[in-house]
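To be precise, the following lines are final.tsv, and they hold TSV, C-alpha atoms.
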```
chain	number	residue	atom	x	y	z
A	1	MET	CA	0.00	0.00	0.00
A	2	ASP	CA	1.51	3.33	-1.06
A	3	LEU	CA	1.45	6.51	1.02
A	4	PHE	CA	-1.33	8.16	-1.00
A	5	THR	CA	-3.68	5.22	-0.50
A	6	LEU	CA	-2.78	5.09	3.18
A	7	LEU	CA	-3.59	8.79	3.62
A	8	GLN	CA	-6.81	8.42	1.65
A	9	ASP	CA	-8.05	5.58	3.84
A	10	HIS	CA	-7.04	7.25	7.10
A	11	ALA	CA	-7.54	10.95	6.37
A	12	ALA	CA	-9.23	11.70	9.71
A	13	VAL	CA	-6.44	10.02	11.66
A	14	PHE	CA	-3.83	11.88	9.61
A	15	LEU	CA	-5.45	15.19	10.49
A	16	LEU	CA	-5.21	14.31	14.19
A	17	LEU	CA	-1.50	13.54	13.76
A	18	LEU	CA	-1.06	16.82	11.88
A	19	THR	CA	-2.75	18.62	14.76
A	20	ARG	CA	-0.23	17.21	17.24
A	21	THR	CA	2.74	18.20	15.11
A	22	SER	CA	1.21	21.67	14.64
A	23	GLY	CA	1.07	22.13	18.41
A	24	LEU	CA	4.86	21.84	18.54
A	25	PHE	CA	5.24	24.71	16.07
A	26	MET	CA	3.07	27.02	18.15
A	27	ILE	CA	5.38	27.66	21.09
A	28	ALA	CA	8.55	25.55	20.83
A	29	PRO	CA	11.85	27.44	20.68
A	30	PHE	CA	13.22	27.92	17.16
A	31	PHE	CA	10.28	26.03	15.60
A	32	GLY	CA	7.74	28.53	16.89
A	33	SER	CA	9.79	31.70	16.35
A	34	MET	CA	7.85	34.68	15.08
A	35	ASN	CA	10.51	35.49	12.48
A	36	ILE	CA	9.85	32.19	10.71
A	37	PRO	CA	6.97	32.74	8.23
A	38	MET	CA	3.71	31.00	9.03
A	39	GLN	CA	3.78	29.26	5.66
A	40	VAL	CA	7.18	27.72	6.44
A	41	ARG	CA	6.02	26.47	9.83
A	42	ALA	CA	2.82	25.04	8.36
A	43	GLY	CA	4.79	23.30	5.59
A	44	ALA	CA	7.29	21.85	8.07
A	45	SER	CA	4.46	20.60	10.28
A	46	LEU	CA	2.82	18.94	7.28
A	47	ALA	CA	6.13	17.36	6.24
A	48	PHE	CA	6.66	15.93	9.74
A	49	ALA	CA	3.12	14.56	9.74
A	50	VAL	CA	3.61	12.86	6.37
A	51	VAL	CA	6.87	11.25	7.53
A	52	LEU	CA	5.51	10.11	10.89
A	53	PHE	CA	2.14	8.87	9.70
A	54	PRO	CA	3.22	5.47	8.27
A	55	VAL	CA	5.14	4.78	11.48
A	56	VAL	CA	2.25	5.79	13.73
A	57	ASP	CA	-0.24	3.85	11.61
A	58	GLY	CA	1.96	0.78	11.92
A	59	LEU	CA	1.98	0.90	15.72
A	60	SER	CA	-1.72	0.19	16.10
A	61	THR	CA	-5.00	0.50	14.27
A	62	VAL	CA	-6.58	3.85	15.11
A	63	ALA	CA	-10.23	4.57	14.38
A	64	ALA	CA	-11.24	8.21	14.24
A	65	PRO	CA	-14.34	9.33	16.19
A	66	THR	CA	-17.55	9.19	14.20
A	67	THR	CA	-19.30	12.21	15.74
A	68	LEU	CA	-18.32	15.85	15.29
A	69	LEU	CA	-18.22	16.57	19.03
A	70	ALA	CA	-15.95	13.61	19.77
A	71	TYR	CA	-13.65	14.48	16.87
A	72	THR	CA	-13.41	18.10	18.06
A	73	ALA	CA	-12.44	16.89	21.53
A	74	ALA	CA	-9.79	14.61	19.96
A	75	VAL	CA	-8.38	17.53	17.96
A	76	ILE	CA	-8.10	19.67	21.10
A	77	ALA	CA	-6.42	16.82	22.99
A	78	GLU	CA	-3.85	16.19	20.24
A	79	LEU	CA	-3.13	19.89	19.94
A	80	PHE	CA	-2.51	20.01	23.69
A	81	VAL	CA	-0.04	17.12	23.52
A	82	GLY	CA	2.03	18.85	20.84
A	83	TRP	CA	1.77	22.18	22.65
A	84	LEU	CA	2.93	20.54	25.89
A	85	ILE	CA	6.18	19.36	24.26
A	86	GLY	CA	6.91	22.87	23.05
A	87	PHE	CA	5.86	24.41	26.35
A	88	VAL	CA	8.38	22.41	28.37
A	89	ALA	CA	11.15	23.54	26.01
A	90	TYR	CA	9.86	27.12	26.16
A	91	VAL	CA	10.00	27.08	29.97
A	92	CYS	CA	13.71	26.24	29.86
A	93	PHE	CA	14.37	29.23	27.61
A	94	SER	CA	12.23	31.45	29.84
A	95	ALA	CA	14.73	30.88	32.67
A	96	ILE	CA	17.52	32.29	30.50
A	97	HIS	CA	15.28	35.17	29.49
A	98	MET	CA	14.52	35.98	33.12
A	99	ALA	CA	18.21	35.80	34.08
A	100	GLY	CA	19.01	38.35	31.38
A	101	LYS	CA	16.33	40.72	32.66
A	102	VAL	CA	17.68	40.50	36.21
A	103	MET	CA	21.21	41.23	34.96
A	104	ASP	CA	19.94	44.18	32.93
A	105	MET	CA	18.28	45.72	35.99
A	106	GLN	CA	21.47	45.40	38.03
A	107	VAL	CA	23.89	46.59	35.36
A	108	GLY	CA	21.71	49.47	34.15
A	109	PHE	CA	20.59	48.26	30.73
A	110	ALA	CA	16.95	47.88	31.76
A	111	VAL	CA	16.09	51.28	30.25
A	112	VAL	CA	17.33	50.17	26.80
A	113	ASN	CA	15.16	47.65	24.97
A	114	VAL	CA	15.60	45.97	21.60
A	115	MET	CA	13.07	44.15	19.44
A	116	ASP	CA	13.37	40.38	19.67
A	117	PRO	CA	12.41	38.92	16.26
A	118	THR	CA	11.81	35.44	17.69
A	119	SER	CA	9.06	36.56	20.09
A	120	GLY	CA	7.99	39.90	18.63
A	121	GLN	CA	8.50	41.64	22.00
A	122	GLN	CA	10.91	44.25	23.32
A	123	ILE	CA	13.52	42.83	25.69
A	124	PRO	CA	16.63	44.36	27.37
A	125	LEU	CA	20.11	44.05	25.87
A	126	ILE	CA	21.64	41.31	28.03
A	127	GLY	CA	18.38	39.36	27.97
A	128	SER	CA	18.42	39.47	24.17
A	129	PHE	CA	22.08	38.45	24.06
A	130	LEU	CA	21.65	35.48	26.40
A	131	TYR	CA	18.49	34.35	24.61
A	132	ASN	CA	20.17	34.44	21.20
A	133	LEU	CA	23.19	32.66	22.67
A	134	SER	CA	20.92	29.94	24.05
A	135	ILE	CA	19.28	29.52	20.62
A	136	ILE	CA	22.71	29.07	19.02
A	137	VAL	CA	23.78	26.52	21.64
A	138	PHE	CA	20.41	24.80	21.25
A	139	LEU	CA	20.99	24.34	17.52
A	140	VAL	CA	24.67	23.42	17.83
A	141	THR	CA	23.91	20.70	20.38
A	142	ASN	CA	21.09	19.34	18.16
A	143	GLY	CA	18.40	20.41	20.56
A	144	HIS	CA	15.98	20.78	17.65
A	145	HIS	CA	16.60	17.13	16.83
A	146	MET	CA	15.74	16.32	20.44
A	147	LEU	CA	12.37	18.04	20.06
A	148	ILE	CA	11.65	16.08	16.89
A	149	THR	CA	12.62	12.89	18.71
A	150	ALA	CA	10.34	13.80	21.60
A	151	LEU	CA	7.50	14.37	19.13
A	152	ALA	CA	8.06	10.94	17.60
A	153	GLU	CA	8.31	9.26	21.01
A	154	SER	CA	5.08	10.94	22.13
A	155	PHE	CA	3.14	8.56	19.88
A	156	HIS	CA	4.59	5.66	21.88
A	157	LEU	CA	3.95	7.25	25.28
A	158	VAL	CA	0.60	8.81	24.39
A	159	PRO	CA	-0.90	7.16	21.27
A	160	LEU	CA	-3.51	9.04	19.28
A	161	MET	CA	-6.79	9.62	21.14
A	162	THR	CA	-5.53	8.01	24.35
A	163	MET	CA	-4.72	11.12	26.39
A	164	GLN	CA	-5.87	10.77	30.00
A	165	PRO	CA	-4.96	13.95	31.92
A	166	ASN	CA	-4.78	13.85	35.70
A	167	LEU	CA	-4.00	16.20	38.56
A	168	SER	CA	-0.31	15.28	38.56
A	169	LEU	CA	0.14	17.14	35.25
A	170	SER	CA	-0.87	20.44	36.85
A	171	MET	CA	1.65	19.94	39.65
A	172	ILE	CA	4.35	19.04	37.13
A	173	MET	CA	3.69	22.23	35.16
A	174	VAL	CA	3.73	24.29	38.37
A	175	ASN	CA	7.12	22.79	39.25
A	176	PHE	CA	8.44	23.58	35.78
A	177	VAL	CA	7.31	27.21	36.05
A	178	TYR	CA	8.77	27.41	39.57
A	179	GLY	CA	12.07	26.19	38.12
A	180	VAL	CA	12.11	29.23	35.83
A	181	PHE	CA	12.64	31.57	38.78
A	182	VAL	CA	15.15	29.30	40.53
A	183	THR	CA	17.24	28.69	37.41
A	184	GLY	CA	17.03	32.32	36.36
A	185	MET	CA	18.33	33.56	39.69
A	186	LYS	CA	21.15	30.99	39.64
A	187	VAL	CA	22.27	32.19	36.23
A	188	ALA	CA	22.06	35.87	37.21
A	189	MET	CA	23.67	35.44	40.65
A	190	PRO	CA	27.35	36.04	39.66
A	191	VAL	CA	26.62	39.35	37.94
A	192	THR	CA	24.15	40.37	40.65
A	193	PHE	CA	26.67	39.64	43.41
A	194	ALA	CA	29.41	41.57	41.57
A	195	ILE	CA	27.14	44.62	41.21
A	196	LEU	CA	26.25	44.32	44.91
A	197	LEU	CA	29.93	44.53	45.82
A	198	VAL	CA	30.29	47.56	43.55
A	199	ASN	CA	27.35	49.28	45.24
A	200	VAL	CA	28.76	48.55	48.72
A	201	SER	CA	32.13	49.94	47.65
A	202	LEU	CA	30.51	53.05	46.22
A	203	GLY	CA	28.56	53.52	49.45
A	204	ILE	CA	31.75	53.38	51.51
A	205	LEU	CA	33.45	55.73	49.06
A	206	ALA	CA	30.57	58.20	49.31
A	207	ARG	CA	30.93	58.31	53.11
A	208	THR	CA	34.68	58.80	53.05
A	209	MET	CA	34.72	61.28	50.12
A	210	PRO	CA	31.49	63.33	50.20
A	211	GLN	CA	32.78	65.69	47.50
A	212	LEU	CA	32.90	62.85	44.95
A	213	ASN	CA	29.91	62.61	42.62
A	214	ILE	CA	28.92	58.96	43.02
A	215	PHE	CA	26.42	59.03	40.16
A	216	VAL	CA	29.12	60.06	37.67
A	217	VAL	CA	31.44	57.28	38.84
A	218	GLY	CA	28.91	54.60	39.79
A	219	ILE	CA	26.96	54.12	36.56
A	220	PRO	CA	30.02	53.57	34.30
A	221	MET	CA	31.58	51.33	36.94
A	222	GLN	CA	28.46	49.16	37.13
A	223	LEU	CA	28.46	48.82	33.34
A	224	MET	CA	32.13	47.86	33.18
A	225	VAL	CA	31.95	45.39	36.07
A	226	GLY	CA	28.71	43.81	34.86
A	227	VAL	CA	29.84	43.36	31.25
A	228	GLY	CA	33.29	42.19	32.39
A	229	VAL	CA	31.88	39.52	34.74
A	230	LEU	CA	29.45	38.40	32.04
A	231	ALA	CA	32.30	38.08	29.52
A	232	MET	CA	34.34	35.97	31.94
A	233	LEU	CA	31.41	33.68	32.66
A	234	LEU	CA	30.34	33.06	29.05
A	235	PRO	CA	32.15	29.68	28.76
A	236	PHE	CA	30.44	28.50	31.94
A	237	TYR	CA	27.06	29.72	30.66
A	238	VAL	CA	27.54	27.67	27.50
A	239	MET	CA	28.31	24.59	29.60
A	240	PHE	CA	25.25	25.30	31.75
A	241	LEU	CA	23.04	25.60	28.67
A	242	GLY	CA	24.30	22.27	27.37
A	243	GLY	CA	23.39	20.56	30.64
A	244	MET	CA	19.99	22.26	30.75
A	245	PHE	CA	19.14	21.10	27.24
A	246	ASP	CA	20.14	17.55	28.18
A	247	GLU	CA	17.59	17.66	31.01
A	248	MET	CA	14.91	19.01	28.68
A	249	HIS	CA	14.20	15.62	27.11
A	250	GLY	CA	13.66	14.04	30.52
A	251	LYS	CA	11.25	16.81	31.51
A	252	ILE	CA	9.26	16.29	28.31
A	253	SER	CA	9.03	12.55	29.03
A	254	ILE	CA	7.80	13.25	32.57
A	255	ALA	CA	5.11	15.60	31.25
A	256	LEU	CA	3.97	13.10	28.61
A	257	GLN	CA	3.84	10.24	31.12
A	258	ALA	CA	1.34	12.27	33.12
A	259	LEU	CA	-1.01	12.04	30.13
A	260	GLN	CA	-1.02	8.25	30.01
```
Would you put the structure from the file into structure tokens?
Amino acid sequence: MDLFTLLQDHAAVFLLLLTRTSGLFMIAPFFGSMNIPMQVRAGASLAFAVVLFPVVDGLSTVAAPTTLLAYTAAVIAELFVGWLIGFVAYVCFSAIHMAGKVMDMQVGFAVVNVMDPTSGQQIPLIGSFLYNLSIIVFLVTNGHHMLITALAESFHLVPLMTMQPNLSLSMIMVNFVYGVFVTGMKVAMPVTFAILLVNVSLGILARTMPQLNIFVVGIPMQLMVGVGVLAMLLPFYVMFLGGMFDEMHGKISIALQALQ
């Protein structure tokens, strides 16, 4: 049986599979970037669905719902499964984004925003730099391949029309979002601590030399110290990003197992 005949006989099931792959392209890093045209994302989602469909159809015989209401519910469920994979990856990048914002507030770049083409929002300078750096590391370490692998494995963990959500999924998502703040503060801690030492030193200097204009000296010093510490820590940030992306696949598996 060729692919065209297979798609013709199982068109409703193919549309459900296409819905799951489309959910990944809604929010996942790199795949769901705003600077990628909608037509390209839709075409890539369709290509993934065509490639995965013979494999998924060979796992088990899937019968599409016969009523419109049941089929609509199945479409929403499959869209949620694909969205969940992208959401877990998006949460990991949100931690880097938050760390950059904290650094910007401490260094003094918070008043300068740039347009981020991947999200369509204005973000501070260091936040934009760290986010773009994380995207580069994500692609270099084949993180996009990991997301495609997670999408393929989702049909083993959660076959089509078998999603059974429970309360543990909500707790898992809360823990993931909580990890954004913890990871973000860990990443921003070296620069934040260095700026704290600079502020303490400037406070002591202001008490011992009242005639010195602290504002003229303090702002450039904060910029130099913050950028210098960030430059020294870049190799360690790259290593940290590699470890975080390795944990991403495990987090996606945990989230999908909650849907079994």
Determine, counting all atoms listed in the file, which protein, DNA and RNA residues have an atom within 7 Å of an atom of stretch 186-194 of chain A; residues of the same chain fewer than 5 positions away are not included. Present the result as an NGL selection string. :A and (99 or 102-103 or 106 or 226 or 229-230)
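All residues of protein, DNA or RNA that reach within 7 Å of stretch 129-133 of chain A, judged by all atoms listed in the file and not counting those fewer than 4 positions away in the chain, are Ile96, His97, Gly100, Leu125 and Val137 of chain A.
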Using only C-alpha atoms, the shortest atom-to-atom distance to A:Leu46 among A:Leu16, A:Leu205, A:Val111, A:Leu69 belongs to A:Leu16
- Item | For stretch 17-27 of chain A: contacts at 8 Å, all atoms listed in the file, fewer than 3 positions along chain excluded, given as a PyMOL selection string | chain A and resi 13-14+31-33+41-42+45-46+48-49+53+75+78-87+90+151+160
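Considering all atoms listed in the file, the residue among A:Met146, A:Met232, A:Ile172, A:Val217 positioned nearest to A:Ser201 is A:Val217.
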